[in-house]
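Colleague: Before I ask anything, here is the structure I am working with.
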Amino acid sequence: MRILIVEDEKKTANYLKKGLLENGYVVDVAEDGEDGLHLATTGDYDLVILDIMLPERDGWSIITEIRRAGRQTPVLFLTARDSVADRVKGLEMGADDYLVKPFAFSELLARVRSILRRGPARQPEVLKIADLELDLVKHKASRAGQRLDLTPKEFALLSLLVRRAGEALSRTLIAEQVWDMNFDSDNNVIDVAIRRLRRKMDDPYARKLVHTVRGVGYVLEER
Ligand code: CA
C-alpha cells in the first residue's frame, strides 16, 4: 500500500512518515502543493494524506484537481482548520475523511486502515439509496425526484449517513464528523438534528430510511 503525504511542516511529515513506515506502508512526502498535486496525479497511490494550508497550492485546490483528472484516490484531509464549514467543505469536495491537528497517531492509523479497507472503488458523486438521491457536487438532495430543502448541516449529516449506509453510526462519530462540539455534555443535539432531518426526508414518504439503533445511534438503510 502506497501513501502520499502532502504536508509542509517537516516535523509532522516526518512523524507521519516514520509511523506509517513502521506499519508497513510505502510512503512519499511532498512538501508543497505543486509537488503534492504532481505526485498525486502521476503516481500510483492508494491514499493521499493532504494538509490544507500549503505553500504554492492549497489542499482544496489539490483535491479539486485530483478529481478533475479523473483520479479516485482516497483522500484524508489533515488540518489545523477546525470549523464546521471546513469539515463540510472537505467532505463535499470528495475527501474520504477529515482529521484535525493535533491528532494521535493511533487515530490517524485507524482512519487510514478504515479508508484502505473500503478499497479503491470510491463512491460516485451522486449517491442513491432507494428513491433518495444525493448529489455531492451540486449539493442537492431529492427523494422520489422531489428536491429536499436541507440546511448545509442537514446535508452534511445526510451525506455522512448515506456514505456509510448500512453502518450503525454512533452519536460520537456523527458529532466528530459533522459538528465541532463537545458532546459529552449534551448529545441531544444529534437527536434533535436527526429528528429535523427525518421530518424533511423521511416523514413525508412511506418508506423510511433513517433508523434508530438503540444504544448506539443511527443507521441509514433500505429495509
Ligand atoms: Ca500546513
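Please note that chains go A, B, ... in the order of the C-alpha cells, that every chain numbers its residues from 1, and that ligands are numbered from 1 in the order shown.
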Using only C-alpha atoms and all ligand atoms, which residues of the polymer chains come no farther than 8 Å from ligand 1? I'd like the answer as a ChimeraX atom specification.

Modeller: /A:7-9,51-55,79-80

Colleague: If you keep all heavy atoms, can you produce a file of those selected residues as a PDB file, in the first residue's frame?

Modeller:
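Result file follows (again_13.pdb):
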ATOM      1  N   GLU A   7       2.417  17.616   3.066  1.00  0.00           N
ATOM      2  CA  GLU A   7       2.476  18.322   4.360  1.00  0.00           C
ATOM      3  C   GLU A   7       3.732  19.181   4.385  1.00  0.00           C
ATOM      4  O   GLU A   7       4.829  18.689   4.136  1.00  0.00           O
ATOM      5  CB  GLU A   7       2.514  17.263   5.482  1.00  0.00           C
ATOM      6  CG  GLU A   7       2.852  17.769   6.857  1.00  0.00           C
ATOM      7  CD  GLU A   7       1.826  18.765   7.392  1.00  0.00           C
ATOM      8  OE1 GLU A   7       0.775  18.303   7.874  1.00  0.00           O
ATOM      9  OE2 GLU A   7       2.094  19.977   7.313  1.00  0.00           O
ATOM     10  N   ASP A   8       3.556  20.475   4.652  1.00  0.00           N
ATOM     11  CA  ASP A   8       4.721  21.373   4.625  1.00  0.00           C
ATOM     12  C   ASP A   8       5.438  21.473   5.958  1.00  0.00           C
ATOM     13  O   ASP A   8       6.560  21.959   6.016  1.00  0.00           O
ATOM     14  CB  ASP A   8       4.309  22.766   4.136  1.00  0.00           C
ATOM     15  CG  ASP A   8       3.273  23.400   5.034  1.00  0.00           C
ATOM     16  OD1 ASP A   8       2.306  22.700   5.399  1.00  0.00           O
ATOM     17  OD2 ASP A   8       3.428  24.577   5.384  1.00  0.00           O
ATOM     18  N   GLU A   9       4.809  21.045   7.041  1.00  0.00           N
ATOM     19  CA  GLU A   9       5.514  21.083   8.325  1.00  0.00           C
ATOM     20  C   GLU A   9       6.369  19.828   8.425  1.00  0.00           C
ATOM     21  O   GLU A   9       5.854  18.718   8.555  1.00  0.00           O
ATOM     22  CB  GLU A   9       4.521  21.103   9.482  1.00  0.00           C
ATOM     23  CG  GLU A   9       3.735  22.384   9.598  1.00  0.00           C
ATOM     24  CD  GLU A   9       2.424  22.166  10.354  1.00  0.00           C
ATOM     25  OE1 GLU A   9       2.495  21.614  11.472  1.00  0.00           O
ATOM     26  OE2 GLU A   9       1.361  22.498   9.811  1.00  0.00           O
ATOM     27  N   ASP A  51      -2.683  17.942   3.707  1.00  0.00           N
ATOM     28  CA  ASP A  51      -2.804  19.132   4.541  1.00  0.00           C
ATOM     29  C   ASP A  51      -3.577  20.178   3.738  1.00  0.00           C
ATOM     30  O   ASP A  51      -3.630  20.099   2.509  1.00  0.00           O
ATOM     31  CB  ASP A  51      -1.378  19.625   4.850  1.00  0.00           C
ATOM     32  CG  ASP A  51      -1.343  20.788   5.826  1.00  0.00           C
ATOM     33  OD1 ASP A  51      -2.312  20.963   6.594  1.00  0.00           O
ATOM     34  OD2 ASP A  51      -0.336  21.517   5.818  1.00  0.00           O
ATOM     35  N   ILE A  52      -4.206  21.136   4.412  1.00  0.00           N
ATOM     36  CA  ILE A  52      -4.947  22.157   3.655  1.00  0.00           C
ATOM     37  C   ILE A  52      -4.104  23.405   3.408  1.00  0.00           C
ATOM     38  O   ILE A  52      -3.975  23.876   2.278  1.00  0.00           O
ATOM     39  CB  ILE A  52      -6.279  22.509   4.353  1.00  0.00           C
ATOM     40  CG1 ILE A  52      -7.222  21.315   4.259  1.00  0.00           C
ATOM     41  CG2 ILE A  52      -6.919  23.740   3.683  1.00  0.00           C
ATOM     42  CD1 ILE A  52      -8.558  21.495   4.914  1.00  0.00           C
ATOM     43  N   MET A  53      -3.488  23.940   4.478  1.00  0.00           N
ATOM     44  CA  MET A  53      -2.685  25.148   4.323  1.00  0.00           C
ATOM     45  C   MET A  53      -1.291  24.751   3.865  1.00  0.00           C
ATOM     46  O   MET A  53      -0.497  24.238   4.636  1.00  0.00           O
ATOM     47  CB  MET A  53      -2.598  25.897   5.660  1.00  0.00           C
ATOM     48  CG  MET A  53      -3.950  26.254   6.245  1.00  0.00           C
ATOM     49  SD  MET A  53      -4.883  27.396   5.202  1.00  0.00           S
ATOM     50  CE  MET A  53      -4.083  28.924   5.681  1.00  0.00           C
ATOM     51  N   LEU A  54      -1.007  25.002   2.583  1.00  0.00           N
ATOM     52  CA  LEU A  54       0.255  24.574   1.983  1.00  0.00           C
ATOM     53  C   LEU A  54       0.823  25.705   1.129  1.00  0.00           C
ATOM     54  O   LEU A  54       0.062  26.477   0.553  1.00  0.00           O
ATOM     55  CB  LEU A  54       0.014  23.382   1.046  1.00  0.00           C
ATOM     56  CG  LEU A  54      -0.313  22.036   1.667  1.00  0.00           C
ATOM     57  CD1 LEU A  54      -0.948  21.125   0.622  1.00  0.00           C
ATOM     58  CD2 LEU A  54       0.939  21.378   2.237  1.00  0.00           C
ATOM     59  N   PRO A  55       2.149  25.778   0.997  1.00  0.00           N
ATOM     60  CA  PRO A  55       2.700  26.742   0.056  1.00  0.00           C
ATOM     61  C   PRO A  55       2.399  26.311  -1.388  1.00  0.00           C
ATOM     62  O   PRO A  55       2.196  25.131  -1.645  1.00  0.00           O
ATOM     63  CB  PRO A  55       4.215  26.700   0.334  1.00  0.00           C
ATOM     64  CG  PRO A  55       4.459  25.490   1.143  1.00  0.00           C
ATOM     65  CD  PRO A  55       3.170  25.043   1.746  1.00  0.00           C
ATOM     66  N   THR A  79      -5.624  18.579   8.993  1.00  0.00           N
ATOM     67  CA  THR A  79      -5.531  20.028   9.029  1.00  0.00           C
ATOM     68  C   THR A  79      -5.730  20.625  10.402  1.00  0.00           C
ATOM     69  O   THR A  79      -6.355  20.011  11.266  1.00  0.00           O
ATOM     70  CB  THR A  79      -6.584  20.626   8.085  1.00  0.00           C
ATOM     71  OG1 THR A  79      -6.546  22.043   8.193  1.00  0.00           O
ATOM     72  CG2 THR A  79      -7.962  20.132   8.438  1.00  0.00           C
ATOM     73  N   ALA A  80      -5.187  21.818  10.581  1.00  0.00           N
ATOM     74  CA  ALA A  80      -5.383  22.540  11.830  1.00  0.00           C
ATOM     75  C   ALA A  80      -6.710  23.292  11.787  1.00  0.00           C
ATOM     76  O   ALA A  80      -7.173  23.797  12.790  1.00  0.00           O
ATOM     77  CB  ALA A  80      -4.236  23.510  12.047  1.00  0.00           C
TER      78      ALA A  80
END

Colleague: What's the 7 Å shell around range 56-58 of chain A, counting only C-alpha atoms, without same-chain residues fewer than 5 positions away, as a list in words?

Modeller: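 Once the adjacent positions are removed, what remains is Asp32, Gly33 and Glu34 of chain A.
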
Colleague: Write the residues you've just listed into a file as a short mmCIF file (atom, residue, chain, number, x, y, z; two decimals), in the first residue's frame, and include all heavy atoms for each of them.

Modeller:
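Contents of selection.cif, freshly written:
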data_model
loop_
_atom_site.label_atom_id
_atom_site.label_comp_id
_atom_site.auth_asym_id
_atom_site.auth_seq_id
_atom_site.Cartn_x
_atom_site.Cartn_y
_atom_site.Cartn_z
N ASP A 32 5.19 20.77 -0.70
CA ASP A 32 4.36 21.91 -1.09
C ASP A 32 3.24 21.44 -2.02
O ASP A 32 3.22 20.29 -2.47
CB ASP A 32 5.20 23.05 -1.72
CG ASP A 32 5.77 22.67 -3.08
OD1 ASP A 32 4.98 22.26 -3.97
OD2 ASP A 32 6.99 22.77 -3.25
N GLY A 33 2.33 22.33 -2.28
CA GLY A 33 1.13 21.98 -3.03
C GLY A 33 1.38 21.54 -4.45
O GLY A 33 0.73 20.61 -4.94
N GLU A 34 2.30 22.20 -5.12
CA GLU A 34 2.56 21.83 -6.52
C GLU A 34 3.15 20.43 -6.63
O GLU A 34 2.73 19.64 -7.46
CB GLU A 34 3.50 22.85 -7.20
CG GLU A 34 2.85 24.19 -7.51
CD GLU A 34 1.67 24.10 -8.50
OE1 GLU A 34 1.52 23.07 -9.19
OE2 GLU A 34 0.89 25.07 -8.55
#

Colleague: Have a look at A:Leu148, A:Ala85, A:Ile3, A:Lys101 and name the one nearest to Ile115 in chain A; count only C-alpha atoms.

Modeller: A:Ile3

Colleague: So the first atom is CA of Gly145 in chain A and the second is CA of Lys208 in chain A; what is the distance between them in Å, to one decimal place?

Modeller: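 Taking CA of Gly145 in chain A as the start and CA of Lys208 in chain A as the end point, the length is 15.9 Å.
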
Colleague: Per DSSP on the backbone, what are the strand (DSSP E) residues of range 2-219 of chain A, as a PyMOL selection string?

Modeller: chain A and resi 2-6+26-30+47-51+75-79+97-100+126-129+132-135+140-143+146-148+169-170+210-213+217-219

Colleague: Expressed in Å to a single decimal, how great is the separation between CA of His211 in chain A and CA of Ser159 in chain A?

Modeller: 15.2 Å

Colleague: Using DSSP on the backbone coordinates, identify all residues within range 22-52 of chain A classified as alpha helix (DSSP H); present the result as a VMD selection string.

Modeller: chain A and resid 22 33 to 42

Colleague: What is the CA of Glu221 in chain A-CA of Ala165 in chain A distance in Å, reported with one decimal?

Modeller: 5.7 Å

Colleague: With distances taken over only C-alpha atoms, which residue among A:Thr172, A:Ser83, A:Ser142, A:Asn23 lies nearest Leu158 in chain A?

Modeller: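 The shortest atom-to-atom distance to Leu158 in chain A comes from A:Ser142.
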
Colleague: Calculated over only C-alpha atoms, which of the candidates A:Arg111, A:Leu50, A:Glu31, A:Arg207 has the smallest distance to Ala144 in chain A?

Modeller: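 Once distances to Ala144 in chain A are computed over only C-alpha atoms, the minimum belongs to A:Arg207.
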
Colleague: Using only C-alpha atoms, determine which residues lie at most 7 Å from range 193-199 of chain A, disregarding the query and same-chain residues fewer than 4 positions distant; provide the list as an MDAnalysis selection string.

Modeller: chainID A and resid 154 189 203

Colleague: Those same residues - C-alpha atoms - I'd like them written as a PDB file, in the first residue's frame.

Modeller:
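Saved file out.pdb follows:
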ATOM      1  CA  GLU A 154     -28.533  18.707   7.418  1.00  0.00           C
ATOM      2  CA  VAL A 189     -28.065  17.820  19.680  1.00  0.00           C
ATOM      3  CA  ASP A 203     -41.760  11.584   7.319  1.00  0.00           C
TER       4      ASP A 203
END

Colleague: Find the spatial neighbours of Arg71 in chain A, counting only C-alpha atoms, within a cut-off of 8 Å - ignore same-chain residues fewer than 4 positions away - and output them as a ChimeraX atom specification.

Modeller: /A:41,66-67

Colleague: Could you pull the residues within 12 Å of Lys11 in chain A, counting only C-alpha atoms, minus those fewer than 6 positions along the same chain, as a PyMOL selection string?

Modeller: chain A and resi 17-18+29+31

Colleague: Emit the selected residues as a compact mmCIF listing (two decimals), in the first residue's frame, including C-alpha atoms.

Modeller:
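Saved result, part_28.txt, follows:
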# COMPACT_ATOMS: atom_id res chain seq x y z
CA LYS A 17 6.19 9.03 7.56
CA LYS A 18 8.04 7.20 10.33
CA VAL A 29 6.25 13.05 1.10
CA GLU A 31 6.36 19.48 1.00
